[in-house]
Each structure stands twice: as structure tokens, then as C-alpha cells.
Amino acid sequence: MKISNQENNIKKPQRLDSEHVFQFNCSEKSPCFTSCCQDVTIILTPYDVLRLKNALKISSDIFIDKYTIILPKSKQLIPMVVLKMNEDNKRCPFVIHKEGCQVYDDRPWACRMFPLDMNDDGTFRTITNSARCQGLLENNRIRISDWLISQGIPIYDELNYLFSEITNPLRAQDFDIDNTKIFQMVFMALYNLDKFKEFIFNSSFLDRFELDDIRIEKIRRHDIDLLKFSFDWIKFGIFGQKTLNIKQSAIPKEDKK
Ligand code: SF4
Ligand code: SF4
């Protein structure tokens, strides 16, 4: 979600379906160019963090330290991770005034969606107005579904949907866990994929879980497979879903029947 801190009072919730045709074009010639990259709250998903840290060629650790603010949520297992704006001018650290976004190909979901956002029921709404976003005055009519594809949204939606299969059930329940290790492990698996990969390959992890060689190689080579595996691991560990199997040799004798 990319929320302009000046605009989040806008009322009139819209429910536009994906076949709706809207009028929009963003161009560096617009007087408002890059104004939407300032004074905004951008919530990052695990896939956003993965794309950005790879684009910047830095580790997940460094990305999290340098570019995010982690906001714990009361009685919730997963904190909110927000892109940190520059302290002096509140601009996004990746924007250059006349040039635009320096991580454009890997910009977060919320930036791709702007000036739209998605409602909980899967419909869409405009989250700004033409006084602020003059792209809404441009004579370029486009169906929302086509526009989403042009913005590279589908892969983000696929990964964010898998993430929501964890966050939605968690939101419905209070967590009272004293063991901070659980918080740390879940956070690592979601947002610190470099560390999670080390954990898989440099611990006894693979001695404990049944994984075929093809999946192990996919996890080793492809970040998307690694992220999907992290979702499965959390579903197994937190919800007890049968997304993974423990090796017989790793089950204590007293638990075997
Ligand atoms: S405010 Fe709208 S038109 Fe202006 S740069 Fe941002 S998205 Fe583009
Ligand atoms: S990531 Fe790029 S598009 Fe998003 S706010 Fe920063 S500069 Fe703007």
C-alpha cells in the first residue's frame, strides 16, 4: 500500500472492477513528476524486499537496516515493514528529482499500483486526485486489467497472495508468544531470505525435512522458489499445515507409533 500522508483523508470509496477503463498516463514531462515519491508510507511485502535488495545488489540484512522501518504490531506475529523515507526531505531514497525512480524495474507493488490501490474484495480505487497526480488528466484510456499487466503486477500478486495466506489467518488471532525466537525465525524467513537460505543449507535443516533433490536445487538457485518455500515452512510451523514432511529419521522414537 502506498499511502500519501497528505491524501489519506480522501473519502468516497470506489469499487472499480478490472474491466473498468480509466484515464491515466505518467510521464517525466508531468509537472508532478516524482512528487508521488515524497511523504508517502510504502508498506513492503517480502517479495518487494527481495526484488529491491537484488536490484541494489545488497544483502537482505543491509537492505532491512538501511532502507526499512520495522513497526511491531501488538499481539501480531508479523510486523509492518515500511520503506524508510529520507529524514530531511521525506523523499524516497530511490528517487532522483528529474530522473525518477532508480529502482523502477524493481519498484514495490504499491508504487506499481499508484494511482490505484486494491480494495479487500479485489476491486480497485483511485487513491489520489488530478490536482496532485496530473497523469489522471492525460488523454490515455486504459482498462485496469491491461494496465496491471503493463506495470508487472501479476508476479507480485501471485507472491503477495501466498503471503496473505499467512497474514490473513494470523490477523484474526492474538499472539501471546514469550519466545522471541519464533518472531525472529518468521521474520527471517519472510524478509531476510539470504539468512533463511543460510539456515536451510548450513544447518541440520535438510536432515530433518523430506525434500526432493529438484526442489532443493530450485530453492538454492531461484529466489522465488526460496520465498515460496519460506511460506510453506511458516504454514507448517505456525499452522501445522501439511506443507512439509519431517523425515522418519528425525522423528523422536517416542513419537513414532
Ligand atoms: S503524481 Fe501521478 S503523474 Fe505525477 S509522477 Fe506520480 S504517478 Fe506520475
Ligand atoms: S521506489 Fe521508486 S516509485 Fe516507489 S516511491 Fe521510491 S522512487 Fe518512487
# chains A, B, ... in the order shown; residues from 1 in each chain; ligands from 1

call {"tool": "residues_around", "arguments": {"residues": "stretch 54-64 of chain A", "least_positions_apart": "5", "cutoff": "8 Å", "atoms": "only C-alpha atoms", "output": "mmCIF file with N, CA and C atoms, in the first residue's frame"}}
result
data_model
loop_
_atom_site.group_PDB
_atom_site.id
_atom_site.type_symbol
_atom_site.label_atom_id
_atom_site.label_comp_id
_atom_site.auth_asym_id
_atom_site.auth_seq_id
_atom_site.Cartn_x
_atom_site.Cartn_y
_atom_site.Cartn_z
ATOM 1 N N VAL A 49 10.799 -6.671 -0.849
ATOM 2 C CA VAL A 49 12.151 -6.606 -0.264
ATOM 3 C C VAL A 49 13.119 -7.439 -1.097
ATOM 4 N N ILE A 69 11.832 0.592 8.018
ATOM 5 C CA ILE A 69 11.445 0.774 9.422
ATOM 6 C C ILE A 69 10.543 -0.410 9.742
ATOM 7 N N VAL A 103 15.063 2.511 -9.080
ATOM 8 C CA VAL A 103 14.852 1.059 -8.987
ATOM 9 C C VAL A 103 13.552 0.710 -9.737
ATOM 10 N N ASP A 106 12.217 -2.667 -10.426
ATOM 11 C CA ASP A 106 12.010 -3.491 -9.224
ATOM 12 C C ASP A 106 11.271 -2.724 -8.136
ATOM 13 N N TYR A 191 11.503 -11.900 5.402
ATOM 14 C CA TYR A 191 12.142 -10.657 4.951
ATOM 15 C C TYR A 191 13.657 -10.739 4.815
ATOM 16 N N ASN A 192 14.250 -11.785 5.370
ATOM 17 C CA ASN A 192 15.711 -11.882 5.287
ATOM 18 C C ASN A 192 16.060 -13.207 4.611
ATOM 19 N N LEU A 193 15.770 -13.247 3.311
ATOM 20 C CA LEU A 193 15.900 -14.522 2.599
ATOM 21 C C LEU A 193 17.350 -14.991 2.493
ATOM 22 N N ASP A 194 18.302 -14.065 2.514
ATOM 23 C CA ASP A 194 19.712 -14.507 2.490
ATOM 24 C C ASP A 194 20.020 -15.331 3.741
ATOM 25 N N LYS A 195 19.555 -14.843 4.870
ATOM 26 C CA LYS A 195 19.774 -15.568 6.146
ATOM 27 C C LYS A 195 18.996 -16.889 6.150
#

call {"tool": "residues_around", "arguments": {"residues": "A:Gly152", "least_positions_apart": "3", "cutoff": "12 Å", "atoms": "only C-alpha atoms", "output": "list in words"}}
result
Tyr104, Asp105, Asp106, Arg107, Pro108, Trp109, Ala110, Cys111, Arg112, Met113, Ser145, Asp146, Trp147, Leu148, Ile149, Ile155, Tyr156, Asp157 and Glu158 of chain A

call {"tool": "residues_around", "arguments": {"residues": "A:Ile96", "least_positions_apart": "3", "cutoff": "12 Å", "atoms": "only C-alpha atoms", "output": "list in words"}}
result
Glu28, Phe33, Thr34, Ser35, Cys37, Gln38, Arg91, Cys92, Pro93, Glu99, Gly100, Cys101, Gln102, Val103 and Tyr104 of chain A

call {"tool": "atom_distance", "arguments": {"atom1": "atom CA of A:Met185", "atom2": "atom CA of A:Ile78"}}
result
10.6 Å

call {"tool": "select_by_dssp", "arguments": {"residues": "stretch 31-174 of chain A", "states": "strand (DSSP E or B)", "output": "list in words"}}
result
Gln38, Val40, Thr41, Ile42, Ile43, Thr68, Ile69, Ile70, Leu71, Met80, Val81, Val82, Leu83, Arg91, Val95, Ile96, Gly100, Cys101, Leu116, Asp117, Met118, Phe124, Arg125, Thr126, Arg141, Ile142 and Arg143 of chain A

call {"tool": "residues_near_ligand", "arguments": {"ligand": "ligand 1", "cutoff": "8 Å", "atoms": "only C-alpha atoms and all ligand atoms", "output": "PyMOL selection string"}}
result
chain A and resi 24-28+30-37+114-115+132-136

call {"tool": "atom_distance", "arguments": {"atom1": "atom CA of A:Leu244", "atom2": "atom CA of A:Asp174"}}
result
25.0 Å
